[in-house]
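Asks: Just so it is clear, I am handing over my_file_18.txt, which has compact mmCIF, C-alpha atoms and all ligand atoms.
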# COMPACT_ATOMS: atom_id res chain seq x y z
CA MET A 238 143.12 87.84 136.77
CA SER A 239 142.43 91.08 134.88
CA LYS A 240 138.90 92.48 134.71
CA ASN A 241 138.91 91.80 130.99
CA ASN A 242 139.37 88.12 131.66
CA VAL A 243 136.50 88.10 134.15
CA LEU A 244 134.28 89.43 131.37
CA LEU A 245 135.69 86.92 128.89
CA GLU A 246 135.14 84.08 131.35
CA ALA A 247 131.56 85.12 131.98
CA PHE A 248 130.99 85.42 128.23
CA ASN A 249 132.42 81.94 127.63
CA LYS A 250 129.96 80.54 130.18
CA ALA A 251 126.95 82.38 128.73
CA ILE A 252 124.24 80.06 127.35
CA TYR A 253 123.40 82.46 124.52
CA PRO A 254 126.48 84.23 123.14
CA VAL A 255 125.13 86.82 120.72
CA GLY A 256 127.84 87.55 118.12
CA SER A 257 129.68 85.61 115.38
CA HIS A 258 129.11 82.04 114.20
CA SER A 259 130.67 79.81 116.82
CA LYS A 260 133.65 79.47 119.13
CA ARG A 261 136.92 79.91 117.24
CA ASN A 262 138.17 76.42 118.10
CA ILE A 263 139.50 73.40 116.24
CA GLN A 264 135.99 72.17 115.55
CA VAL A 265 135.87 74.81 112.79
CA LEU A 266 138.46 72.79 110.84
CA LYS A 267 137.19 69.37 111.96
CA GLU A 268 133.80 70.10 110.46
CA VAL A 269 135.43 70.94 107.12
CA LEU A 270 137.67 67.87 107.09
CA ASN A 271 134.76 65.57 107.98
CA ASP A 272 133.10 66.85 104.85
CA SER A 273 136.23 66.49 102.65
CA ASP A 274 137.50 63.66 100.45
CA GLY A 275 140.78 62.40 101.96
CA ASN A 276 142.07 61.42 98.53
CA LEU A 277 142.04 64.98 97.28
CA ASP A 278 145.58 66.04 96.32
CA SER A 279 147.11 68.86 98.33
CA ASP A 280 148.09 72.12 96.65
CA VAL A 281 151.87 72.51 96.27
CA TYR A 282 153.54 75.94 96.33
CA GLY A 283 150.53 77.69 94.80
CA SER A 284 149.75 75.03 92.16
CA GLY A 285 147.32 72.15 91.93
CA LYS A 286 143.61 71.77 91.25
CA LEU A 287 142.58 72.45 94.81
CA ILE A 288 143.96 76.01 94.86
CA GLU A 289 143.49 76.74 91.14
CA ASN A 290 139.80 75.78 91.10
CA PHE A 291 139.07 77.91 94.14
CA GLN A 292 140.93 80.88 92.64
CA GLU A 293 138.89 80.55 89.43
CA GLU A 294 135.66 80.31 91.37
CA MET A 295 136.51 83.45 93.32
CA ALA A 296 137.61 85.36 90.20
CA THR A 297 134.19 84.63 88.70
CA PHE A 298 132.39 85.62 91.89
CA LEU A 299 134.27 88.93 91.93
CA GLY A 300 133.97 89.50 88.18
CA LYS A 301 137.75 89.73 87.76
CA GLU A 302 140.05 88.04 85.23
CA THR A 303 142.09 86.16 87.81
CA ALA A 304 142.48 85.66 91.54
CA VAL A 305 145.25 84.48 93.88
CA PHE A 306 144.84 82.83 97.27
CA PHE A 307 146.96 84.40 100.05
CA PRO A 308 147.49 83.31 103.64
CA SER A 309 146.55 86.80 104.88
CA GLY A 310 144.94 90.03 103.81
CA THR A 311 147.84 91.97 105.30
CA MET A 312 150.20 90.33 102.83
CA ALA A 313 147.81 90.59 99.89
CA GLN A 314 147.04 94.28 100.30
CA GLN A 315 150.60 95.49 100.86
CA ILE A 316 151.50 93.65 97.68
CA ALA A 317 148.56 95.12 95.74
CA LEU A 318 149.55 98.66 96.67
CA ARG A 319 153.20 98.01 95.82
CA ILE A 320 152.23 96.77 92.37
CA TRP A 321 150.11 99.84 91.66
CA CYS A 322 152.91 102.11 92.88
CA ASP A 323 155.42 100.40 90.59
CA SER A 324 153.11 100.64 87.59
CA LYS A 325 152.68 104.40 88.06
CA GLY A 326 156.23 105.11 89.20
CA SER A 327 154.90 106.89 92.29
CA LYS A 328 155.33 105.77 95.88
CA LYS A 329 152.15 107.35 97.19
CA VAL A 330 148.87 105.76 98.17
CA ALA A 331 145.82 107.22 99.88
CA TYR A 332 143.39 105.64 102.34
CA HIS A 333 141.18 106.27 105.38
CA PRO A 334 143.00 107.31 108.58
CA LEU A 335 141.70 104.15 110.30
CA SER A 336 142.59 101.79 107.48
CA HIS A 337 143.85 98.36 108.58
CA LEU A 338 147.17 99.16 106.87
CA GLU A 339 147.58 102.32 108.89
CA ILE A 340 146.67 101.09 112.36
CA HIS A 341 147.12 97.30 112.49
CA GLU A 342 150.11 96.39 110.30
CA GLU A 343 153.08 97.94 112.11
CA ASP A 344 153.73 100.21 109.12
CA GLY A 345 154.48 97.28 106.81
CA LEU A 346 153.78 99.37 103.74
CA LYS A 347 156.17 102.10 104.82
CA GLU A 348 158.90 99.89 106.25
CA LEU A 349 158.95 97.23 103.55
CA HIS A 350 158.09 99.30 100.48
CA HIS A 351 158.90 102.91 101.47
CA ILE A 352 155.45 103.92 100.32
CA GLU A 353 154.11 107.24 101.55
CA THR A 354 150.54 107.15 102.81
CA ILE A 355 148.10 110.03 102.48
CA LEU A 356 145.31 109.89 105.07
CA LEU A 357 142.11 111.01 103.38
CA GLY A 358 139.24 112.66 105.23
CA ASP A 359 138.51 112.42 108.93
CA LYS A 360 138.87 109.34 111.14
CA ASP A 361 135.28 109.58 112.42
CA ARG A 362 133.57 109.48 109.05
CA LEU A 363 133.75 107.87 105.63
CA ILE A 364 135.96 109.13 102.79
CA ARG A 365 133.80 111.46 100.65
CA LEU A 366 133.96 112.46 97.01
CA GLU A 367 135.12 115.93 98.08
CA ASP A 368 138.17 114.37 99.82
CA VAL A 369 139.01 112.46 96.66
CA LEU A 370 138.67 115.56 94.49
CA GLN A 371 141.33 117.24 96.63
CA MET A 372 143.83 114.40 96.14
CA LYS A 373 146.90 115.11 94.04
CA ASP A 374 147.23 113.25 90.71
CA ASP A 375 150.55 111.68 91.75
CA ILE A 376 148.73 109.22 94.02
CA ALA A 377 149.24 105.75 92.55
CA CYS A 378 146.29 104.10 94.26
CA LEU A 379 143.33 104.95 96.47
CA LEU A 380 142.29 102.15 98.84
CA ILE A 381 138.65 102.13 99.90
CA GLU A 382 137.44 99.84 102.66
CA LEU A 383 133.85 98.59 102.40
CA PRO A 384 132.44 98.46 105.00
CA GLN A 385 134.62 100.84 107.04
CA ARG A 386 135.15 98.63 110.03
CA GLU A 387 136.58 101.06 112.57
CA ILE A 388 133.51 103.32 112.34
CA GLY A 389 131.00 100.53 112.80
CA GLY A 390 130.84 99.20 109.25
CA GLN A 391 129.49 102.34 107.55
CA LEU A 392 129.02 102.48 103.79
CA PRO A 393 128.86 105.36 101.31
CA ASP A 394 125.97 105.71 98.86
CA TYR A 395 126.54 103.66 95.76
CA GLU A 396 126.31 106.78 93.58
CA GLU A 397 129.16 108.37 95.53
CA LEU A 398 131.28 105.26 94.99
CA VAL A 399 130.62 105.44 91.27
CA ALA A 400 131.59 109.13 91.23
CA ILE A 401 134.83 108.36 93.11
CA CYS A 402 135.60 105.57 90.66
CA THR A 403 134.91 107.77 87.62
CA TYR A 404 137.18 110.51 88.96
CA CYS A 405 140.04 108.11 89.75
CA ARG A 406 139.82 106.56 86.28
CA GLU A 407 139.98 110.02 84.68
CA LYS A 408 143.05 110.89 86.73
CA GLY A 409 144.86 107.56 86.24
CA ILE A 410 144.61 106.69 89.94
CA LYS A 411 144.06 102.99 90.62
CA LEU A 412 141.27 102.02 92.98
CA HIS A 413 141.78 99.08 95.33
CA LEU A 414 138.96 97.58 97.41
CA ASP A 415 139.69 96.41 100.93
CA GLY A 416 136.72 94.09 100.82
CA ALA A 417 137.67 92.02 103.85
CA ARG A 418 133.93 91.97 104.59
CA LEU A 419 132.65 92.39 101.04
CA TYR A 420 129.93 89.75 101.40
CA GLU A 421 128.44 91.67 104.29
CA ILE A 422 127.66 94.74 102.17
CA LEU A 423 125.79 92.99 99.37
CA PRO A 424 122.32 93.09 101.02
CA TYR A 425 122.61 96.84 101.70
CA TYR A 426 123.64 97.73 98.16
CA GLN A 427 121.36 95.08 96.65
CA ARG A 428 124.10 94.34 94.11
CA THR A 429 126.32 91.42 93.27
CA ALA A 430 129.95 91.28 94.34
CA ALA A 431 130.97 91.52 90.68
CA GLU A 432 128.92 94.71 90.19
CA ILE A 433 130.66 96.36 93.12
CA CYS A 434 134.13 95.09 92.18
CA GLU A 435 133.68 96.44 88.67
CA LEU A 436 134.36 99.87 90.14
CA PHE A 437 137.77 98.75 91.42
CA ASP A 438 141.01 97.74 89.69
CA SER A 439 141.87 95.24 92.39
CA VAL A 440 140.07 93.68 95.30
CA TYR A 441 140.88 91.70 98.43
CA ILE A 442 138.39 89.56 100.34
CA SER A 443 138.81 87.64 103.57
CA PHE A 444 137.53 84.21 104.55
CA TYR A 445 137.66 84.36 108.31
CA LYS A 446 135.53 87.39 109.11
CA GLY A 447 131.88 87.18 108.01
CA ILE A 448 132.57 83.83 106.37
CA GLY A 449 134.06 82.31 109.52
CA GLY A 450 136.87 80.20 108.02
CA ILE A 451 140.26 79.75 109.67
CA ALA A 452 142.30 82.36 107.78
CA GLY A 453 143.03 83.28 104.18
CA ALA A 454 142.40 85.88 101.53
CA ILE A 455 141.86 86.30 97.82
CA LEU A 456 143.43 89.07 95.78
CA ALA A 457 141.82 89.59 92.39
CA GLY A 458 142.40 91.80 89.36
CA ASN A 459 143.56 91.57 85.79
CA GLU A 460 145.99 88.95 84.54
CA ALA A 461 149.12 91.14 84.66
CA PHE A 462 148.31 92.32 88.19
CA THR A 463 147.75 88.86 89.65
CA LYS A 464 150.81 87.46 87.85
CA GLU A 465 152.96 90.06 89.57
CA SER A 466 151.21 89.45 92.87
CA LYS A 467 152.31 85.80 92.73
CA VAL A 468 155.97 86.89 92.48
CA TRP A 469 155.50 89.08 95.55
CA LYS A 470 153.67 86.30 97.36
CA ARG A 471 156.77 84.14 96.86
CA ARG A 472 159.05 86.96 98.05
CA TYR A 473 156.90 87.41 101.18
CA GLY A 474 157.09 83.70 102.01
CA GLY A 475 153.37 83.44 101.32
CA ASP A 476 153.74 80.36 99.12
CA LEU A 477 153.42 77.85 101.92
CA ILE A 478 153.97 74.40 100.47
CA SER A 479 150.31 73.70 101.23
CA LEU A 480 147.51 76.09 102.06
CA TYR A 481 144.71 73.55 101.79
CA PRO A 482 143.42 73.76 105.39
CA TYR A 483 142.71 77.43 104.71
CA ILE A 484 141.40 76.90 101.19
CA LEU A 485 139.09 74.04 102.16
CA SER A 486 137.71 75.97 105.10
CA SER A 487 137.31 79.12 102.99
CA SER A 488 135.39 77.23 100.35
CA TYR A 489 133.27 75.28 102.83
CA TYR A 490 132.08 78.26 104.87
CA PHE A 491 131.79 80.54 101.83
CA LYS A 492 129.18 78.19 100.37
CA ARG A 493 127.27 77.87 103.60
CA ARG A 494 127.32 81.47 104.78
CA LEU A 495 127.20 83.63 101.68
CA PRO A 496 123.46 82.92 101.25
CA LYS A 497 122.84 83.97 104.86
CA MET A 498 124.31 87.48 104.67
CA ASN A 499 120.91 89.12 104.33
CA GLN A 500 119.63 87.20 107.35
CA TYR A 501 122.61 88.40 109.44
CA TYR A 502 122.03 91.97 108.23
CA GLN A 503 118.33 91.92 109.20
CA GLU A 504 119.22 90.42 112.58
CA ALA A 505 121.85 93.12 113.17
CA LYS A 506 119.14 95.75 112.67
CA VAL A 507 116.90 94.00 115.22
CA LEU A 508 119.73 93.77 117.75
CA ALA A 509 120.78 97.40 117.24
CA GLY A 510 117.15 98.35 117.91
CA TYR A 511 117.34 96.61 121.31
CA TYR A 512 120.59 98.37 122.16
CA ASN A 513 119.24 101.78 121.18
CA GLN A 514 116.27 101.36 123.54
CA CYS A 515 118.67 101.13 126.49
CA HIS A 516 119.45 104.24 128.45
CA GLY A 517 122.98 105.57 127.80
CA VAL A 518 123.62 103.18 124.92
CA VAL A 519 123.80 104.05 121.24
CA THR A 520 124.92 102.07 118.20
CA LYS A 521 127.08 103.40 115.41
CA PRO A 522 125.66 103.51 112.85
CA LEU A 523 122.22 104.00 114.44
CA GLU A 524 120.79 101.57 111.89
CA PRO A 525 123.42 99.03 110.82
CA MET A 526 124.36 98.92 107.14
CA THR A 527 125.81 95.42 107.40
CA ASN A 528 125.80 92.63 109.97
CA MET A 529 128.24 94.66 112.10
CA PHE A 530 127.95 97.76 114.27
CA HIS A 531 129.64 99.37 117.24
CA VAL A 532 128.05 99.86 120.64
CA HIS A 533 128.89 103.07 122.52
CA VAL A 534 128.07 103.24 126.21
CA ASP A 535 127.95 106.29 128.50
CA LEU A 536 129.82 104.60 131.30
CA PRO A 537 133.51 104.07 131.98
CA LYS A 538 134.74 100.61 131.00
CA GLU A 539 135.32 99.67 134.68
CA LYS A 540 131.65 100.38 135.46
CA LEU A 541 130.17 98.61 132.45
CA GLU A 542 132.16 95.39 132.81
CA PRO A 543 130.64 94.25 136.14
CA ILE A 544 127.17 95.09 134.80
CA LEU A 545 127.80 92.87 131.78
CA VAL A 546 129.17 90.03 133.91
CA ALA A 547 126.06 90.19 136.10
CA LEU A 548 123.85 90.34 133.00
CA TYR A 549 125.37 87.15 131.57
CA GLU A 550 124.98 85.35 134.90
CA GLU A 551 121.42 86.58 135.42
CA THR A 552 120.03 86.10 131.90
CA GLY A 553 122.41 83.67 130.15
CA VAL A 554 122.77 86.15 127.29
CA GLY A 555 126.39 87.07 126.47
CA LEU A 556 126.65 90.40 124.67
CA THR A 557 130.41 90.85 124.25
CA HIS A 558 133.65 89.27 125.42
CA TYR A 559 135.49 92.62 125.64
CA VAL A 560 134.96 96.33 126.19
CA ARG A 561 137.29 99.05 124.96
CA GLU A 562 137.76 102.41 126.70
CA SER A 563 136.88 105.32 124.41
CA SER A 564 137.24 108.09 127.02
CA GLU A 565 137.32 108.39 130.81
CA THR A 566 133.53 108.32 130.86
CA THR A 567 132.62 106.16 127.86
CA CYS A 568 133.44 102.81 126.33
CA CYS A 569 132.57 100.75 123.27
CA TYR A 570 132.71 97.36 121.56
CA GLU A 571 132.02 95.78 118.19
CA VAL A 572 129.19 93.42 117.34
CA ASN A 573 129.16 91.02 114.37
CA ILE A 574 126.10 88.92 113.69
CA GLY A 575 126.57 85.36 112.47
CA ASP A 576 124.93 81.96 112.88
CA ARG A 577 124.55 82.17 116.64
CA PHE A 578 121.95 84.91 116.69
CA ALA A 579 119.16 82.85 115.15
CA ASN A 580 119.41 80.31 117.99
CA ILE A 581 118.75 82.77 120.79
CA PRO A 582 115.17 82.69 122.13
CA LYS A 583 113.89 86.19 121.47
CA ASP A 584 112.12 86.39 124.85
CA GLU A 585 115.45 85.80 126.58
CA LEU A 586 117.04 88.49 124.45
CA ARG A 587 114.30 91.01 125.24
CA ARG A 588 114.58 90.21 128.93
CA ALA A 589 118.36 90.74 128.81
CA PHE A 590 117.97 94.19 127.28
CA GLN A 591 115.24 95.18 129.75
CA TRP A 592 117.61 94.14 132.50
CA LEU A 593 120.46 96.13 130.92
CA ASP A 594 118.27 99.22 130.62
CA VAL A 595 117.38 99.09 134.33
CA LYS A 596 121.04 98.68 135.34
CA MET A 597 122.16 101.49 133.01
CA ARG A 598 119.58 103.82 134.57
CA GLU A 599 120.81 102.90 138.06
CA ALA A 600 124.46 103.32 137.08
CA THR A 601 123.93 106.71 135.47
CA GLY A 602 121.57 107.95 138.18
CA VAL A 603 118.49 108.20 135.92
CA ASN A 604 115.23 106.61 136.97
CA GLY A 605 111.86 106.04 135.37
C1 LIG A 701 139.43 95.76 106.92
C2 LIG A 701 140.55 94.77 107.04
N1 LIG A 701 141.50 94.73 106.11
C3 LIG A 701 142.53 93.86 106.17
C4 LIG A 701 142.65 92.96 107.22
C5 LIG A 701 143.81 92.01 107.25
O1 LIG A 701 143.46 90.69 107.16
P1 LIG A 701 144.40 89.51 107.70
O2 LIG A 701 144.10 89.35 109.17
O3 LIG A 701 143.99 88.32 106.89
O4 LIG A 701 145.81 89.90 107.48
C6 LIG A 701 141.67 92.97 108.22
C7 LIG A 701 141.76 92.04 109.36
O5 LIG A 701 141.11 92.19 110.36
C8 LIG A 701 140.61 93.91 108.14
O6 LIG A 701 139.66 93.98 109.09
Go through the file and emit its structure as structure tokens.

Replies:
Amino acid sequence: MSKNNVLLEAFNKAIYPVGSHSKRNIQVLKEVLNDSDGNLDSDVYGSGKLIENFQEEMATFLGKETAVFFPSGTMAQQIALRIWCDSKGSKKVAYHPLSHLEIHEEDGLKELHHIETILLGDKDRLIRLEDVLQMKDDIACLLIELPQREIGGQLPDYEELVAICTYCREKGIKLHLDGARLYEILPYYQRTAAEICELFDSVYISFYKGIGGIAGAILAGNEAFTKESKVWKRRYGGDLISLYPYILSSSYYFKRRLPKMNQYYQEAKVLAGYYNQCHGVVTKPLEPMTNMFHVHVDLPKEKLEPILVALYEETGVGLTHYVRESSETTCCYEVNIGDRFANIPKDELRRAFQWLDVKMREATGVNG
């Protein structure tokens, strides 16, 4: 068994797992179906009340004319960028070097659509207005991800976003929002989803990240844009005869968890505070801007893993199920706060972090 699995096993046995909402098991769907009317008609190839009502609800939430339900964000966003490229007659889009499209989609955009991608700014920081000002006008679309997941869920100032939007509008460059975790940024900006989406020509949101559904995405924009996106959805094989398990679960958890985003955000700040009191541990960002952050540890992965396994066994608190190597001497992992956090006795949590601090001091040779 690999060391990673030892950590995962220990995490699965922990009494108090810290991140996310629950185990990603079939109970997630069972709970939804127990709450659903069995006589409800299924959606059929993208039509029917069940899908159409949800699309309308989401269009209103996002302040857009129309919205389309997709099985995945990967499919929805490649399609969005293709549409904006076609409308400008330019096969160039720009995004962050660590965009999901660039690092997790096997070059779908390039291979399927022959779209050239311009990587804006530096991978360790957010895209800034100055990066956008240096872009050439022949870019069809700029994709902005809020929050920027791969750097711990950081967010730009709202004023900078507005300035980026104003510049792109002046230059005829479309702005697309990768809002996979859009809900999670609302407490930080203290704005509605519609207010934020107003800055963008198109937007994608996910239902299985902060919301905790099974899978699924919404792509929203104006009428002409979403009409074209439906044609591409068909071409991609995204019109499954029925998508209702995803739609029902999206709708169910959206209603239950959207109102709790501020709670998760406040809890993330508390948890990051505990981490930052530990020797050799720092969160990125130092103060979370959403319910997510990254934990960076001054120990090689192989040294941290046994400490974590022992921590879970000793205290019952499970901090993470995985650790990623960032260099020979450091490692990191991501934390997302969901429903689980509120159920952890805070004394147990404090004790776990005191224990971690002691072990980190021992492991790095620092005492006192
Ligand atoms: C920022 C971001 N964009 C897009 C996606 C793609 O979503 P999906 O898994 O639904 O294809 C993800 C998935 O993790 C993501 O984190």

Asks: Calculated over only C-alpha atoms, which of the candidates A:Pro254, A:Gly409, A:Pro308, A:Pro582 has the smallest distance to Leu379 of chain A?

Replies: A:Gly409

Asks: Using only C-alpha atoms for the distances, tell me which of A:Gly300, A:Ser257, A:Ala461, A:Lys267 is nearest to Ala579 of chain A.

Replies: A:Ser257

Asks: Residues contacting ligand LIG 701 (chain A) - anything with an atom at most 9 Å away, using all atoms listed in the file - can you give me those as an MDAnalysis selection string?

Replies: chainID A and resid 307:314 336:338 341:342 382:387 415:418 441:446 452:454

Asks: Would you list the residues near (122.2, 88.3, 106.8) (no more than 9 Å away, in the coordinates of the file, using all atoms listed in the file) as a list in words?

Replies: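 Within the cut-off we find Glu421, Pro424, Arg494, Leu495, Pro496, Lys497, Met498, Asn499, Gln500, Tyr501, Tyr502, Gln503, Glu504, Ala505, Thr527, Asn528, Ile574 and Gly575 of chain A.
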
Asks: Determine, counting only C-alpha atoms, every residue of protein, DNA or RNA that lies within 10 Å of (130.6, 88.8, 125.7) in the file coordinates, then give the result as a short mmCIF file (atom, residue, chain, number, x, y, z; two decimals) with C-alpha atoms, in the coordinates of the input.

Replies:
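Full text of out12.cif as output:
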data_model
loop_
_atom_site.label_atom_id
_atom_site.label_comp_id
_atom_site.auth_asym_id
_atom_site.auth_seq_id
_atom_site.Cartn_x
_atom_site.Cartn_y
_atom_site.Cartn_z
CA LEU A 244 134.28 89.43 131.37
CA LEU A 245 135.69 86.92 128.89
CA GLU A 246 135.14 84.08 131.35
CA ALA A 247 131.56 85.12 131.98
CA PHE A 248 130.99 85.42 128.23
CA ASN A 249 132.42 81.94 127.63
CA LYS A 250 129.96 80.54 130.18
CA ALA A 251 126.95 82.38 128.73
CA TYR A 253 123.40 82.46 124.52
CA PRO A 254 126.48 84.23 123.14
CA VAL A 255 125.13 86.82 120.72
CA GLY A 256 127.84 87.55 118.12
CA GLU A 542 132.16 95.39 132.81
CA LEU A 545 127.80 92.87 131.78
CA VAL A 546 129.17 90.03 133.91
CA TYR A 549 125.37 87.15 131.57
CA VAL A 554 122.77 86.15 127.29
CA GLY A 555 126.39 87.07 126.47
CA LEU A 556 126.65 90.40 124.67
CA THR A 557 130.41 90.85 124.25
CA HIS A 558 133.65 89.27 125.42
CA TYR A 559 135.49 92.62 125.64
CA VAL A 560 134.96 96.33 126.19
CA TYR A 570 132.71 97.36 121.56
CA VAL A 572 129.19 93.42 117.34
#

Asks: Report, in Å with one decimal, the straight-line distance from atom CA of Asp272 of chain A to atom CA of Leu485 of chain A.

Replies: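 One can read the atom CA of Asp272 of chain A to atom CA of Leu485 of chain A distance as 9.7 Å.
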